Amino acid sequence: MPDLAELDAQILRLVDARVAAARAEGRGLRPDEEAIVLRALLDQPRPAATSRLVLRLWRALMAETARPVGVAVWGGTQALELAAARFPGSPLKVVQKPEDALSAARAAGVVGVLALDATTPWWLRLLAEPKLKVFAALPELAADGDAGALAVGDVALEPSGGDDTFWVTDAAASPATIEEALGRDGLAGRLVSAAGGLKLFALAGYVQVEDARLARAPGRLSGVIGAAPSPFDL
């Protein structure tokens, strides 16, 4: 059995250090910083169950210091459960439309968690929302399956050393054809969601918005809508 007190103390020291550094620089905590710390914690030899506990402890302790003032959730029970796990202690508000979640996320300190489904390409709207970006894919653990929701907010993004960049295209070609075209230009992509003739891909790595390769990618209406740490391995 893991020594819970030791784990708690270890993670609390890391949380305190990160919070202090962010405050000293006059900024909020960033997803990339959290991802770097979490990878270091999860890389230590532990049973998978203990690694899950590490992630829960980290999120719980972070919630005491830097939680959002609100989380607008769209997309049903799964999205609500994913939001509660990623932002424990933050007030969750269920909204009826994805537009409502995006509107709420424009406010300071508020984030949106929106489900990925086959009927609503809400993510296309982020091309016209320069302040709002995808900053997390949920669930966070690779063992828990593919992304079921994305977290969106006015959040500063930086590479963490293991990221996925989210890219939208209206290209009519099949996902395999688009992935092949991206690959010829040195970009590895996988389909995340498709709806209404639009497609959302995760590109391996932190790809800059102005990357010239994206200008050559398939589609007339396309662009980067954010980036998130890749799912953590246990």
# chains A, B, ... in the order shown; residues from 1 in each chain; ligands from 1
>>> select_by_dssp(residues="range 6-225 of chain A", states="strand (DSSP E or B)", output="PyMOL selection string")
chain A and resi 70-74+92-94+110-115+133-138+141+149-153+163-169+189-195+198-204+222-225
>>> closest_atom_pairs(of="range 104-189 of chain A", to="range 70-94 of chain A", cutoff="9 Å", atoms="only C-alpha atoms", output="JSON lines")
{"residue": "A:Ala104", "atom": "CA", "partner": "A:Ala72", "partner_atom": "CA", "distance": 6.5}
{"residue": "A:Ala105", "atom": "CA", "partner": "A:Ala72", "partner_atom": "CA", "distance": 7.2}
{"residue": "A:Gly109", "atom": "CA", "partner": "A:Gly70", "partner_atom": "CA", "distance": 6.9}
{"residue": "A:Val110", "atom": "CA", "partner": "A:Gly70", "partner_atom": "CA", "distance": 4.8}
{"residue": "A:Val111", "atom": "CA", "partner": "A:Val71", "partner_atom": "CA", "distance": 5.0}
{"residue": "A:Gly112", "atom": "CA", "partner": "A:Ala72", "partner_atom": "CA", "distance": 4.7}
{"residue": "A:Val113", "atom": "CA", "partner": "A:Val73", "partner_atom": "CA", "distance": 4.8}
{"residue": "A:Leu114", "atom": "CA", "partner": "A:Trp74", "partner_atom": "CA", "distance": 4.9}
{"residue": "A:Ala115", "atom": "CA", "partner": "A:Gly75", "partner_atom": "CA", "distance": 4.7}
{"residue": "A:Leu116", "atom": "CA", "partner": "A:Gly75", "partner_atom": "CA", "distance": 7.8}
{"residue": "A:Asp117", "atom": "CA", "partner": "A:Gly75", "partner_atom": "CA", "distance": 8.3}
{"residue": "A:Leu138", "atom": "CA", "partner": "A:Leu82", "partner_atom": "CA", "distance": 6.2}
{"residue": "A:Pro139", "atom": "CA", "partner": "A:Leu82", "partner_atom": "CA", "distance": 6.3}
{"residue": "A:Glu140", "atom": "CA", "partner": "A:Arg86", "partner_atom": "CA", "distance": 8.0}
{"residue": "A:Gly148", "atom": "CA", "partner": "A:Ala79", "partner_atom": "CA", "distance": 7.1}
{"residue": "A:Ala149", "atom": "CA", "partner": "A:Ala79", "partner_atom": "CA", "distance": 6.1}
{"residue": "A:Leu150", "atom": "CA", "partner": "A:Ala79", "partner_atom": "CA", "distance": 8.8}
{"residue": "A:Ala151", "atom": "CA", "partner": "A:Ala83", "partner_atom": "CA", "distance": 8.2}
>>> residues_around(residues="Pro229 in chain A", least_positions_apart="2", cutoff="7 Å", atoms="only C-alpha atoms", output="number ranges by chain")
A: 32, 35, 136, 160, 162-164, 231
>>> closest_residue(among="A:Ile36, A:Ala195, A:Leu203, A:Leu61", to="Thr165 in chain A", atoms="only C-alpha atoms")
A:Leu203
>>> atom_distance(atom1="CA of Val224 in chain A", atom2="CA of Gln208 in chain A")
8.0 Å
>>> select_by_dssp(residues="range 12-232 of chain A", states="helix (DSSP H, G or I)", output="ChimeraX atom specification")
/A:12-24,31-42,48-66,77-86,98-105,122-128,142-144,175-184,212-215
>>> closest_residue(among="A:Ala107, A:Ala227, A:Leu187, A:Ala171", to="Asp154 in chain A", atoms="only C-alpha atoms")
A:Ala107
>>> atom_distance(atom1="CA of Leu102 in chain A", atom2="CA of Lys131 in chain A")
10.8 Å
>>> closest_residue(among="A:Leu55, A:Pro159, A:Ala9, A:Ala188", to="Ala40 in chain A", atoms="only C-alpha atoms")
A:Leu55
>>> atom_distance(atom1="CA of Thr50 in chain A", atom2="CA of Val37 in chain A")
16.2 Å
>>> residues_around(residues="Val209 in chain A", least_positions_apart="2", cutoff="12 Å", atoms="only C-alpha atoms", output="list in words")
Leu127, Pro130, Lys133, Leu157, Thr165, Phe166, Trp167, Val168, Leu203, Tyr206, Val207, Asp211, Ala212, Arg213, Leu214, Ala215, Ser222, Gly223, Val224, Ile225, Gly226 and Ala227 of chain A
>>> write_last_selection(atoms="C-alpha atoms", output="tab-separated table (two decimals), in the first residue's frame")
chain	number	residue	atom	x	y	z
A	127	LEU	CA	-11.18	29.84	-35.05
A	130	PRO	CA	-8.67	34.38	-30.56
A	133	LYS	CA	-8.04	28.04	-26.64
A	157	LEU	CA	-0.15	28.07	-23.62
A	165	THR	CA	-1.98	20.48	-30.96
A	166	PHE	CA	-5.64	20.68	-31.97
A	167	TRP	CA	-6.22	21.59	-35.61
A	168	VAL	CA	-9.53	22.02	-37.46
A	203	LEU	CA	-1.20	16.87	-34.22
A	206	TYR	CA	3.43	21.67	-30.02
A	207	VAL	CA	2.74	23.13	-33.48
A	211	ASP	CA	3.79	26.93	-38.95
A	212	ALA	CA	4.15	27.04	-42.75
A	213	ARG	CA	3.24	23.37	-43.03
A	214	LEU	CA	-0.30	24.13	-41.86
A	215	ALA	CA	-0.74	26.58	-44.73
A	222	SER	CA	-8.59	25.44	-41.13
A	223	GLY	CA	-6.43	26.43	-38.19
A	224	VAL	CA	-5.03	25.68	-34.75
A	225	ILE	CA	-7.46	26.07	-31.84
A	226	GLY	CA	-5.14	25.20	-28.95
A	227	ALA	CA	-2.84	22.59	-27.48
>>> closest_residue(among="A:Val152, A:Gly205, A:Asp146, A:Gln96", to="Leu191 in chain A", atoms="only C-alpha atoms")
A:Asp146
